[in-house]
$ cat target-v1.cif   # mmCIF, C-alpha atoms
data_query
#
loop_
_atom_site.label_atom_id
_atom_site.label_comp_id
_atom_site.auth_asym_id
_atom_site.auth_seq_id
_atom_site.Cartn_x
_atom_site.Cartn_y
_atom_site.Cartn_z
CA MET A 61 146.98 34.19 -69.97
CA SER A 62 145.12 34.13 -66.71
CA ASP A 63 144.65 30.71 -65.12
CA GLU A 64 141.28 31.82 -63.74
CA LEU A 65 137.98 30.61 -65.19
CA HIS A 66 135.77 33.66 -65.20
CA ALA A 67 132.60 31.62 -64.83
CA PHE A 68 133.55 30.96 -61.19
CA ARG A 69 133.64 33.42 -58.30
CA PRO A 70 136.21 33.35 -55.50
CA VAL A 71 134.77 31.20 -52.72
CA PRO A 72 136.16 32.03 -49.26
CA LYS A 73 137.19 29.35 -46.79
CA THR A 74 135.43 29.00 -43.45
CA GLY A 75 137.54 29.74 -40.40
CA VAL A 76 138.50 26.15 -39.58
CA ILE A 77 139.34 25.34 -43.20
CA TYR A 78 141.42 28.52 -43.53
CA VAL A 79 143.54 27.87 -40.45
CA THR A 80 144.15 24.21 -41.25
CA SER A 81 145.07 25.15 -44.84
CA GLU A 82 147.61 27.67 -43.55
CA ALA A 83 148.98 25.12 -41.10
CA THR A 84 149.25 22.50 -43.85
CA LYS A 85 151.59 24.83 -45.74
CA LEU A 86 153.92 24.53 -42.72
CA GLY A 87 153.69 20.74 -42.56
CA PHE A 88 150.56 20.15 -40.48
CA SER A 89 148.92 16.75 -40.77
CA SER A 90 146.10 15.42 -38.60
CA SER A 91 148.16 12.24 -38.18
CA ASP A 92 151.25 14.13 -36.94
CA PRO A 93 151.23 13.91 -33.11
CA ASP A 94 153.57 16.90 -32.78
CA TRP A 95 150.85 19.35 -33.84
CA CYS A 96 148.28 20.71 -31.38
CA ASN A 97 145.08 21.60 -33.20
CA LEU A 98 143.15 24.00 -30.98
CA GLY A 99 141.34 25.13 -34.12
CA GLN A 100 139.45 21.91 -34.68
CA GLY A 101 135.68 21.90 -34.82
CA GLN A 102 135.29 18.26 -33.88
CA PRO A 103 135.59 16.45 -30.53
CA GLU A 104 138.13 13.75 -29.81
CA THR A 105 136.67 10.53 -31.20
CA GLY A 106 138.44 7.83 -29.19
CA ASP A 107 137.54 6.07 -25.96
CA LEU A 108 136.42 8.14 -22.96
CA PRO A 109 136.12 6.81 -19.39
CA GLY A 110 132.60 5.54 -18.83
CA ALA A 111 131.55 5.94 -22.46
CA PRO A 112 130.12 3.02 -24.49
CA PRO A 113 132.55 1.11 -26.73
CA ARG A 114 133.25 2.91 -30.00
CA VAL A 115 131.89 1.49 -33.25
CA HIS A 116 134.79 0.41 -35.46
CA SER A 117 133.02 -1.61 -38.15
CA ILE A 118 129.58 -1.88 -39.73
CA GLY A 119 127.88 -4.44 -41.92
CA ILE A 120 126.30 -3.45 -45.21
CA HIS A 121 122.80 -4.78 -45.83
CA PRO A 122 122.19 -5.82 -49.47
CA ASP A 123 119.58 -3.05 -49.81
CA ASP A 124 122.12 -0.51 -48.56
CA GLN A 125 123.93 -0.59 -51.89
CA GLU A 126 121.02 1.55 -53.13
CA TYR A 127 120.21 5.21 -52.42
CA ALA A 128 118.71 6.09 -49.07
CA PRO A 129 115.44 8.04 -49.10
CA VAL A 130 116.23 11.75 -49.30
CA ALA A 131 114.51 12.31 -45.94
CA GLY A 132 116.39 9.37 -44.39
CA LEU A 133 115.69 5.76 -43.46
CA GLY A 134 112.28 5.37 -41.84
CA GLU A 135 113.62 3.40 -38.86
CA LEU A 136 116.25 6.06 -38.18
CA ARG A 137 113.70 8.87 -38.37
CA GLU A 138 111.50 6.96 -35.92
CA ALA A 139 114.43 6.43 -33.53
CA ILE A 140 115.31 10.15 -33.60
CA ALA A 141 111.71 11.22 -32.94
CA ALA A 142 111.40 8.71 -30.10
CA LEU A 143 114.60 9.98 -28.45
CA TYR A 144 113.36 13.59 -28.45
CA ASN A 145 110.03 12.46 -27.02
CA ARG A 146 111.79 10.54 -24.23
CA LEU A 147 114.27 13.29 -23.38
CA TYR A 148 112.04 16.34 -23.71
CA ARG A 149 108.35 15.53 -24.16
CA LYS A 150 107.27 12.96 -21.56
CA GLY A 151 103.58 13.31 -20.77
CA MET A 152 102.99 15.95 -23.44
CA PRO A 153 100.02 15.36 -25.78
CA SER A 154 101.87 16.42 -28.94
CA GLN A 155 104.66 13.98 -29.86
CA TYR A 156 107.23 13.91 -32.64
CA THR A 157 106.96 11.17 -35.27
CA ALA A 158 109.17 10.06 -38.14
CA GLU A 159 107.39 12.64 -40.30
CA ASN A 160 108.87 15.39 -38.12
CA VAL A 161 112.43 14.29 -38.94
CA CYS A 162 114.59 14.84 -42.02
CA VAL A 163 118.00 13.11 -42.11
CA SER A 164 120.87 14.57 -44.12
CA GLY A 165 124.55 13.98 -44.83
CA GLY A 166 126.12 16.55 -42.48
CA GLY A 167 125.10 19.61 -40.48
CA ARG A 168 125.83 22.07 -43.25
CA ALA A 169 123.71 19.97 -45.62
CA ALA A 170 120.81 20.23 -43.17
CA LEU A 171 121.24 23.99 -42.80
CA THR A 172 121.60 24.42 -46.56
CA ARG A 173 118.32 22.57 -47.12
CA ALA A 174 116.66 24.93 -44.66
CA ALA A 175 118.16 28.05 -46.25
CA ALA A 176 117.05 26.88 -49.71
CA SER A 177 113.50 26.45 -48.41
CA LEU A 178 113.08 29.97 -47.01
CA GLY A 179 111.04 32.59 -48.83
CA SER A 180 111.48 36.35 -49.28
CA ILE A 181 111.88 37.20 -45.61
CA ASN A 182 114.16 38.96 -43.15
CA LEU A 183 116.34 36.37 -41.39
CA GLY A 184 118.11 37.42 -38.20
CA HIS A 185 121.50 36.08 -37.11
CA PHE A 186 123.83 36.92 -34.24
CA LEU A 187 127.34 38.33 -34.08
CA PRO A 188 129.46 36.40 -33.22
CA ASP A 189 128.28 32.99 -34.42
CA TYR A 190 129.35 29.95 -36.44
CA THR A 191 131.67 30.86 -39.33
CA ALA A 192 129.95 28.68 -41.95
CA TYR A 193 126.77 30.74 -41.61
CA GLU A 194 128.41 33.53 -43.62
CA GLU A 195 128.40 31.85 -47.04
CA LEU A 196 125.18 30.01 -46.23
CA LEU A 197 123.41 33.32 -45.66
CA ASP A 198 124.91 34.88 -48.77
CA ILE A 199 124.46 32.22 -51.43
CA PHE A 200 120.65 32.10 -51.30
CA LYS A 201 119.14 35.37 -52.49
CA ALA A 202 115.47 34.85 -51.58
CA PHE A 203 115.89 36.15 -48.03
CA THR A 204 117.71 39.12 -46.49
CA SER A 205 120.06 38.42 -43.59
CA ILE A 206 119.92 40.89 -40.69
CA PRO A 207 122.83 40.95 -38.20
CA ILE A 208 122.12 41.29 -34.47
CA LEU A 209 125.09 42.39 -32.39
CA LEU A 210 125.69 40.74 -29.01
CA ASP A 211 127.77 42.49 -26.36
CA GLY A 212 130.62 40.70 -24.61
CA GLU A 213 130.38 43.11 -21.69
CA ARG A 214 126.91 41.67 -21.06
CA GLY A 215 128.19 38.11 -21.43
CA TYR A 216 126.44 37.91 -24.84
CA SER A 217 123.08 37.80 -23.08
CA PHE A 218 119.94 38.18 -25.17
CA THR A 219 116.57 37.94 -23.47
CA ALA A 220 113.13 37.02 -24.75
CA ASP A 221 112.22 40.72 -24.55
CA ASP A 222 115.25 41.50 -26.74
CA LEU A 223 114.06 38.86 -29.17
CA LYS A 224 110.57 40.36 -29.28
CA ARG A 225 111.98 43.82 -29.94
CA GLU A 226 114.18 42.53 -32.79
CA ILE A 227 111.33 40.59 -34.42
CA LEU A 228 108.96 43.55 -34.32
CA GLY A 229 111.53 46.23 -35.06
CA ARG A 230 113.32 44.52 -37.96
CA GLY A 231 110.41 42.50 -39.29
CA LEU A 232 112.13 39.16 -38.76
CA SER A 233 110.31 36.07 -39.96
CA ALA A 234 113.12 33.70 -38.92
CA LEU A 235 116.17 33.64 -36.66
CA LEU A 236 119.22 31.40 -37.07
CA MET A 237 121.53 30.70 -34.12
CA SER A 238 123.71 28.04 -32.54
CA ASN A 239 122.68 27.06 -29.00
CA PRO A 240 124.99 26.57 -27.14
CA CYS A 241 126.78 29.18 -29.22
CA ASN A 242 129.86 28.45 -31.29
CA PRO A 243 132.15 30.29 -30.41
CA THR A 244 131.13 31.95 -27.11
CA GLY A 245 129.68 28.92 -25.31
CA LYS A 246 126.61 30.97 -24.29
CA LEU A 247 123.56 28.77 -23.66
CA VAL A 248 119.91 29.84 -23.73
CA ALA A 249 118.09 27.28 -21.59
CA GLY A 250 115.29 26.58 -19.18
CA GLU A 251 112.70 29.28 -18.53
CA GLU A 252 114.49 31.74 -20.82
CA LEU A 253 114.42 29.32 -23.78
CA GLU A 254 110.77 28.58 -23.02
CA LYS A 255 110.07 32.32 -23.29
CA TRP A 256 111.94 32.46 -26.61
CA VAL A 257 109.72 29.71 -28.01
CA ALA A 258 106.61 31.51 -26.74
CA VAL A 259 107.70 34.77 -28.42
CA ALA A 260 108.36 32.92 -31.69
CA ARG A 261 104.95 31.24 -31.46
CA ASP A 262 103.11 34.49 -30.70
CA LEU A 263 104.88 36.53 -33.40
CA ASP A 264 105.14 33.81 -36.06
CA CYS A 265 108.95 33.89 -36.27
CA VAL A 266 110.68 30.60 -37.04
CA LEU A 267 113.54 29.67 -34.71
CA LEU A 268 116.22 27.79 -36.66
CA LEU A 269 118.28 26.38 -33.80
CA ASP A 270 121.61 24.69 -34.41
CA GLU A 271 121.77 22.38 -31.37
CA PHE A 272 124.85 20.40 -32.38
CA TYR A 273 126.46 21.04 -28.96
CA SER A 274 123.35 20.39 -26.89
CA HIS A 275 124.99 17.53 -24.93
CA TYR A 276 128.10 19.61 -24.14
CA ILE A 277 126.53 21.49 -21.25
CA TYR A 278 128.42 22.07 -18.02
CA ARG A 279 125.73 23.08 -15.60
CA GLY A 280 123.00 21.08 -13.94
CA ARG A 281 122.31 19.18 -10.75
CA PRO A 282 124.39 16.07 -9.96
CA GLY A 283 122.61 12.92 -11.07
CA THR A 284 120.70 14.69 -13.82
CA LEU A 285 121.39 14.56 -17.53
CA PRO A 286 121.92 18.24 -18.42
CA VAL A 287 120.95 18.33 -22.06
CA GLU A 288 118.77 21.01 -23.59
CA SER A 289 116.63 21.51 -26.66
CA ALA A 290 113.91 23.91 -27.73
CA ALA A 291 111.91 20.72 -28.44
CA ARG A 292 111.17 20.68 -24.70
CA TYR A 293 109.12 23.89 -24.95
CA VAL A 294 107.14 23.27 -28.15
CA LYS A 295 103.41 22.95 -27.56
CA ASP A 296 102.33 21.53 -30.93
CA VAL A 297 105.11 19.85 -32.92
CA ASP A 298 103.32 20.57 -36.21
CA THR A 299 102.40 24.22 -35.72
CA ASP A 300 105.03 25.80 -33.44
CA PRO A 301 107.67 27.61 -35.55
CA VAL A 302 110.69 25.73 -34.15
CA VAL A 303 113.18 23.75 -36.25
CA VAL A 304 116.20 22.19 -34.53
CA PHE A 305 119.32 20.72 -36.12
CA ASP A 306 121.54 18.09 -34.54
CA GLY A 307 123.55 15.03 -35.46
CA PHE A 308 126.15 12.40 -34.70
CA THR A 309 128.93 14.92 -35.41
CA LYS A 310 129.37 16.27 -31.88
CA ASN A 311 126.93 14.69 -29.43
CA TRP A 312 127.79 11.12 -30.44
CA ARG A 313 131.41 12.00 -31.44
CA TYR A 314 131.13 10.46 -34.91
CA PRO A 315 131.80 13.43 -37.23
CA GLY A 316 132.97 11.21 -40.08
CA TRP A 317 129.61 9.43 -40.29
CA ARG A 318 127.88 12.55 -41.64
CA VAL A 319 124.56 11.54 -40.08
CA THR A 320 122.55 14.60 -39.05
CA TRP A 321 118.92 15.62 -38.83
CA SER A 322 116.39 18.42 -38.78
CA LEU A 323 113.36 18.23 -36.47
CA GLY A 324 110.26 20.35 -36.94
CA PRO A 325 106.69 20.63 -38.25
CA LYS A 326 105.76 18.10 -40.94
CA LYS A 327 105.23 20.77 -43.59
CA VAL A 328 108.72 22.14 -42.98
CA ILE A 329 110.22 18.64 -43.12
CA GLU A 330 108.51 18.04 -46.46
CA ALA A 331 110.10 21.23 -47.80
CA LEU A 332 113.55 20.25 -46.50
CA ALA A 333 113.28 16.84 -48.15
CA SER A 334 112.27 18.46 -51.43
CA ALA A 335 115.26 20.79 -51.20
CA GLY A 336 117.51 17.83 -50.46
CA SER A 337 116.32 16.08 -53.60
CA PHE A 338 118.11 18.67 -55.76
CA LEU A 339 120.84 19.85 -53.38
CA ASP A 340 122.48 16.68 -52.08
CA GLY A 341 120.32 13.62 -52.79
CA GLY A 342 120.49 12.23 -49.26
CA GLY A 343 123.01 10.70 -46.88
CA SER A 344 124.79 7.36 -46.52
CA LYS A 345 122.38 4.46 -46.22
CA PRO A 346 124.73 1.98 -44.45
CA LEU A 347 125.73 4.56 -41.83
CA GLN A 348 122.12 5.59 -41.23
CA ARG A 349 121.20 1.96 -40.55
CA ALA A 350 124.23 1.54 -38.25
CA ALA A 351 123.17 4.65 -36.32
CA VAL A 352 119.77 3.30 -35.22
CA PRO A 353 120.95 1.26 -32.17
CA LEU A 354 122.92 4.25 -30.87
CA PHE A 355 119.68 6.04 -29.97
CA GLU A 356 118.91 3.61 -27.14
CA ASP A 357 118.57 5.33 -23.76
CA ALA A 358 121.44 3.52 -22.04
CA TYR A 359 123.84 4.42 -24.85
CA VAL A 360 122.84 8.09 -24.98
CA VAL A 361 123.01 8.52 -21.19
CA ALA A 362 126.41 6.84 -20.86
CA GLU A 363 127.95 8.72 -23.79
CA THR A 364 126.58 12.09 -22.65
CA ASN A 365 127.75 11.66 -19.06
CA ALA A 366 131.21 10.65 -20.29
CA ILE A 367 131.39 13.67 -22.60
CA GLN A 368 130.40 16.08 -19.86
CA ARG A 369 132.91 14.71 -17.33
CA ALA A 370 135.84 14.68 -19.77
CA PHE A 371 135.14 17.97 -21.50
CA ARG A 372 134.34 19.89 -18.31
CA GLU A 373 137.82 18.97 -17.01
CA LYS A 374 139.42 20.07 -20.29
CA ARG A 375 137.47 23.34 -20.24
CA ASP A 376 138.55 24.14 -16.70
CA ARG A 377 142.21 23.34 -17.36
CA MET A 378 142.29 25.42 -20.55
CA LEU A 379 140.54 28.40 -18.97
CA SER A 380 142.85 28.40 -15.98
CA ARG A 381 146.06 28.32 -18.01
CA LEU A 382 144.89 30.90 -20.57
CA GLU A 383 143.75 33.30 -17.84
CA ARG A 384 147.18 33.06 -16.20
CA LEU A 385 148.67 34.08 -19.56
CA GLY A 386 146.52 37.22 -19.64
CA VAL A 387 143.69 36.06 -21.92
CA ARG A 388 140.38 37.57 -20.80
CA PHE A 389 137.00 35.84 -21.09
CA ASP A 390 133.65 37.59 -21.31
CA ARG A 391 132.01 34.48 -19.89
CA VAL A 392 132.89 30.96 -18.84
CA PRO A 393 131.40 28.77 -21.59
CA ASP A 394 128.16 27.10 -20.50
CA GLY A 395 128.50 24.60 -23.34
CA THR A 396 130.36 23.59 -26.55
CA PHE A 397 134.08 22.77 -26.45
CA TYR A 398 135.36 26.28 -27.16
CA CYS A 399 136.86 29.08 -25.08
CA TRP A 400 136.31 32.53 -26.62
CA GLY A 401 139.15 34.67 -25.39
CA ASN A 402 140.16 38.33 -25.70
CA VAL A 403 143.93 38.49 -26.29
CA SER A 404 144.32 42.30 -26.40
CA ALA A 405 146.34 42.32 -23.16
CA LEU A 406 149.03 40.01 -24.55
CA PRO A 407 152.31 41.47 -25.85
CA PRO A 408 152.48 42.35 -29.58
CA PRO A 409 152.07 40.70 -32.02
CA LEU A 410 150.02 38.27 -29.94
CA ASN A 411 147.46 40.93 -28.97
CA ASP A 412 145.12 40.29 -31.87
CA GLY A 413 143.63 37.08 -33.20
CA MET A 414 145.50 36.91 -36.48
CA GLY A 415 148.82 37.84 -34.86
CA LEU A 416 148.51 35.11 -32.26
CA PHE A 417 147.41 32.62 -34.91
CA ARG A 418 150.49 33.30 -37.06
CA ALA A 419 152.90 33.20 -34.13
CA ALA A 420 151.37 30.02 -32.69
CA LEU A 421 151.77 28.21 -36.02
CA ALA A 422 155.53 28.45 -35.54
CA LYS A 423 155.03 26.45 -32.33
CA LYS A 424 152.81 23.93 -34.16
CA VAL A 425 149.68 25.18 -32.40
CA ILE A 426 146.54 26.04 -34.42
CA THR A 427 143.90 28.52 -33.25
CA VAL A 428 141.07 30.37 -35.02
CA PRO A 429 141.12 34.21 -35.14
CA GLY A 430 137.93 35.76 -33.83
CA GLU A 431 137.26 37.77 -37.00
CA PHE A 432 136.02 34.61 -38.73
CA PHE A 433 133.01 34.61 -36.40
CA ASP A 434 132.02 38.13 -37.45
CA VAL A 435 129.39 36.70 -39.77
CA ASN A 436 129.21 39.13 -42.70
CA PRO A 437 127.20 37.74 -45.64
CA GLY A 438 128.17 39.32 -48.93
CA LYS A 439 130.86 41.35 -47.13
CA ARG A 440 128.35 44.19 -46.81
CA ARG A 441 130.37 45.72 -43.95
CA HIS A 442 133.35 46.11 -46.26
CA GLY A 443 136.52 47.98 -45.29
CA ARG A 444 135.88 48.05 -41.55
CA ALA A 445 138.04 46.22 -39.02
CA SER A 446 136.23 43.33 -37.39
CA ARG A 447 134.84 43.96 -33.94
CA PHE A 448 136.26 40.56 -32.95
CA ARG A 449 139.83 41.04 -34.19
CA ASP A 450 141.07 40.89 -30.56
CA TYR A 451 139.44 37.50 -30.01
CA VAL A 452 140.54 33.91 -30.53
CA ARG A 453 138.55 30.68 -30.42
CA PHE A 454 140.49 27.98 -28.56
CA SER A 455 139.06 24.47 -28.98
CA PHE A 456 139.23 21.92 -26.18
CA GLY A 457 137.97 19.30 -28.62
CA PRO A 458 141.37 17.50 -28.66
CA SER A 459 142.59 15.21 -25.88
CA LEU A 460 143.73 16.65 -22.55
CA ASP A 461 147.33 15.73 -23.36
CA VAL A 462 147.22 17.80 -26.58
CA ILE A 463 145.66 20.73 -24.73
CA GLU A 464 148.32 20.68 -22.01
CA ARG A 465 151.14 20.64 -24.59
CA ALA A 466 149.50 23.48 -26.52
CA MET A 467 149.16 25.58 -23.36
CA THR A 468 152.85 25.08 -22.56
CA ARG A 469 153.82 26.22 -26.05
CA LEU A 470 151.59 29.31 -25.82
CA GLU A 471 153.19 30.12 -22.46
CA GLU A 472 156.60 29.96 -24.16
CA LEU A 473 155.33 32.38 -26.82
CA VAL A 474 154.09 34.91 -24.29
CA THR A 475 157.01 34.73 -21.85
#

$ encode --input "target-v1.cif" --output "structure tokens"
Amino acid sequence: MSDELHAFRPVPKTGVIYVTSEATKLGFSSSDPDWCNLGQGQPETGDLPGAPPRVHSIGIHPDDQEYAPVAGLGELREAIAALYNRLYRKGMPSQYTAENVCVSGGGRAALTRAAASLGSINLGHFLPDYTAYEELLDIFKAFTSIPILLDGERGYSFTADDLKREILGRGLSALLMSNPCNPTGKLVAGEELEKWVAVARDLDCVLLLDEFYSHYIYRGRPGTLPVESAARYVKDVDTDPVVVFDGFTKNWRYPGWRVTWSLGPKKVIEALASAGSFLDGGGSKPLQRAAVPLFEDAYVVAETNAIQRAFREKRDRMLSRLERLGVRFDRVPDGTFYCWGNVSALPPPLNDGMGLFRAALAKKVITVPGEFFDVNPGKRRHGRASRFRDYVRFSFGPSLDVIERAMTRLEELVT
């Protein structure tokens, strides 16, 4: 007899889950200091020089034994709206309020609520982009996902004119993307992002912008706080077709809290809350309450500056050592904590993503093969080798010590 239950379909693992599952078969444990996890999708969560003290305990209010509102605690929604207004909308007549915010229990929960709320439209997405988008774009059948190929030889650039051509040519009513991009580190910012928002406004195409790495930006003038959001370029918060997603996962370095949010027009937020009422029921009430003080200006500025100092150093060290090994980069990452490298010049079997991944596991180093970022909902491009099979995503999310040890082990593999 088969041990399969035919009511269920095979559900593929996302890239990070796949590589950690394979490593676990060889003894990997997140508590084992001998492993170097350059596949991780989370930042280091301990103390950083200059960062505020980490939260190690929370109290539970008597009311917090009950469910949180599906859209999130009112005081948290107000704190999130106020932060965006302070960072991005000073002096602008249209301001975000609590009604423009929907809190959820994790980034994928927020994105799933959005996907469940879309109608029968064409939804554009980029190649490469975040691995979890693949199943997200496949499971909901109301909309049709349309891939848009970005070219590494152009540094994955995509202009507002390109966006206009795609919207008009493919009939897109929405576009989903991570900005900065996971895995390439490409950032759309400043005047170019302002033009993107203007194109979306003029052509009625919703920008669904995953901004989970928006504080991991490595360019900007000294003394400034180089953070970026499309919220800066919205004219009317209730009519412009811009929805951004962010959370404590990366920019506050509390991934285990599962406190995330969507920000957009009130009508969209109402739809996301309705979707949440049947999809997930809402996030953790005690952790939402504990999150409120962490939106104060002094905390956000100190944490962001500490992140950018520490992670810029890790980025530069990783890039330098990988380049000396023969890994080629289409661009230096503007943001995120990932280096997206082409390994085709390395000796076999290290000259493709899966080959390097398998060989590195023997050295207790985890990486993510580039093919996982070839977002392919429904496997419609079946039977063709991935365009990104020569690429690997290397995470500099771990501590500098872990990164240095991993680089030494990869050098031993190559030499």

$ closest_atom_pairs --input "target-v1.cif" --of "range 338-371 of chain A" --to "range 289-312 of chain A" --cutoff "8 Å" --atoms "all atoms listed in the file" --output "JSON lines"
{"residue": "A:Val360", "atom": "CA", "partner": "A:Trp312", "partner_atom": "CA", "distance": 8.0}
{"residue": "A:Glu363", "atom": "CA", "partner": "A:Trp312", "partner_atom": "CA", "distance": 7.1}
{"residue": "A:Thr364", "atom": "CA", "partner": "A:Asn311", "partner_atom": "CA", "distance": 7.3}

$ atom_distance --input "target-v1.cif" --atom1 "CA of Pro409 in chain A" --atom2 "CA of Gly443 in chain A"
21.7 Å

$ closest_residue --input "target-v1.cif" --among "A:Lys73, A:Arg114, A:Arg444, A:Lys345" --to "Glu194 in chain A" --atoms "only C-alpha atoms"
A:Lys73

$ resolve_selection --input "target-v1.cif" --expression "the PyMOL selection byres ((chain A and resi 372) around 10)" --output "number ranges by chain"
A: 276-279, 366-371, 373-378, 393-397, 456

$ write_last_selection --input "target-v1.cif" --atoms "C-alpha atoms" --output "tab-separated table (two decimals), keeping the file's coordinate frame"
chain	number	residue	atom	x	y	z
A	276	TYR	CA	128.10	19.61	-24.14
A	277	ILE	CA	126.53	21.49	-21.25
A	278	TYR	CA	128.42	22.07	-18.02
A	279	ARG	CA	125.73	23.08	-15.60
A	366	ALA	CA	131.21	10.65	-20.29
A	367	ILE	CA	131.39	13.67	-22.60
A	368	GLN	CA	130.40	16.08	-19.86
A	369	ARG	CA	132.91	14.71	-17.33
A	370	ALA	CA	135.84	14.68	-19.77
A	371	PHE	CA	135.14	17.97	-21.50
A	373	GLU	CA	137.82	18.97	-17.01
A	374	LYS	CA	139.42	20.07	-20.29
A	375	ARG	CA	137.47	23.34	-20.24
A	376	ASP	CA	138.55	24.14	-16.70
A	377	ARG	CA	142.21	23.34	-17.36
A	378	MET	CA	142.29	25.42	-20.55
A	393	PRO	CA	131.40	28.77	-21.59
A	394	ASP	CA	128.16	27.10	-20.50
A	395	GLY	CA	128.50	24.60	-23.34
A	396	THR	CA	130.36	23.59	-26.55
A	397	PHE	CA	134.08	22.77	-26.45
A	456	PHE	CA	139.23	21.92	-26.18

$ residues_around --input "target-v1.cif" --residues "Ser238 in chain A" --least-positions-apart "4" --cutoff "12 Å" --atoms "all atoms listed in the file" --output "number ranges by chain"
A: 167, 171, 185-193, 242-248, 267-274, 289-290, 303-306, 395-396

$ closest_residue --input "target-v1.cif" --among "A:Ala139, A:Val130, A:Leu385, A:Leu223" --to "Leu332 in chain A" --atoms "all atoms listed in the file"
A:Val130

$ resolve_selection --input "target-v1.cif" --expression "the PyMOL selection byres ((chain A and resi 318) around 6)" --output "ChimeraX atom specification"
/A:165-166,315-317,319

$ atom_distance --input "target-v1.cif" --atom1 "CA of Ala141 in chain A" --atom2 "CA of Leu285 in chain A"
18.5 Å

$ closest_residue --input "target-v1.cif" --among "A:Arg388, A:Arg69, A:Arg418, A:Arg349" --to "Ile118 in chain A" --atoms "all atoms listed in the file"
A:Arg349

$ decode --input "target-v1.cif" --residues "range 199-213 of chain A" --atoms "N, CA and C atoms" --output "short mmCIF file (atom, residue, chain, number, x, y, z; two decimals), in the first residue's frame"
data_model
loop_
_atom_site.label_atom_id
_atom_site.label_comp_id
_atom_site.auth_asym_id
_atom_site.auth_seq_id
_atom_site.Cartn_x
_atom_site.Cartn_y
_atom_site.Cartn_z
N ILE A 199 -0.86 29.37 -5.62
CA ILE A 199 -1.94 28.76 -4.85
C ILE A 199 -3.27 29.48 -5.05
N PHE A 200 -3.21 30.79 -5.32
CA PHE A 200 -4.45 31.55 -5.54
C PHE A 200 -4.70 31.64 -7.05
N LYS A 201 -5.85 31.22 -7.47
CA LYS A 201 -6.13 31.07 -8.91
C LYS A 201 -6.90 32.24 -9.52
N ALA A 202 -7.23 33.25 -8.72
CA ALA A 202 -8.00 34.37 -9.27
C ALA A 202 -7.17 35.17 -10.26
N PHE A 203 -5.87 35.34 -9.97
CA PHE A 203 -5.04 36.18 -10.84
C PHE A 203 -4.05 35.32 -11.62
N THR A 204 -3.50 35.92 -12.68
CA THR A 204 -2.49 35.26 -13.51
C THR A 204 -1.15 35.94 -13.27
N SER A 205 -0.15 35.16 -12.92
CA SER A 205 1.18 35.73 -12.66
C SER A 205 1.97 35.81 -13.97
N ILE A 206 2.61 36.94 -14.18
CA ILE A 206 3.36 37.22 -15.41
C ILE A 206 4.81 37.49 -15.04
N PRO A 207 5.76 36.63 -15.47
CA PRO A 207 7.16 36.85 -15.13
C PRO A 207 7.80 37.96 -15.97
N ILE A 208 8.67 38.72 -15.35
CA ILE A 208 9.42 39.78 -16.02
C ILE A 208 10.90 39.52 -15.77
N LEU A 209 11.64 39.26 -16.81
CA LEU A 209 13.03 38.86 -16.69
C LEU A 209 13.94 40.07 -16.55
N LEU A 210 14.79 40.06 -15.52
CA LEU A 210 15.80 41.10 -15.33
C LEU A 210 17.16 40.55 -15.77
N ASP A 211 18.00 41.43 -16.29
CA ASP A 211 19.26 41.02 -16.89
C ASP A 211 20.43 41.39 -15.99
N GLY A 212 21.20 40.37 -15.58
CA GLY A 212 22.36 40.61 -14.74
C GLY A 212 23.40 41.49 -15.42
N GLU A 213 23.50 41.40 -16.74
CA GLU A 213 24.48 42.21 -17.46
C GLU A 213 24.16 43.70 -17.38
#
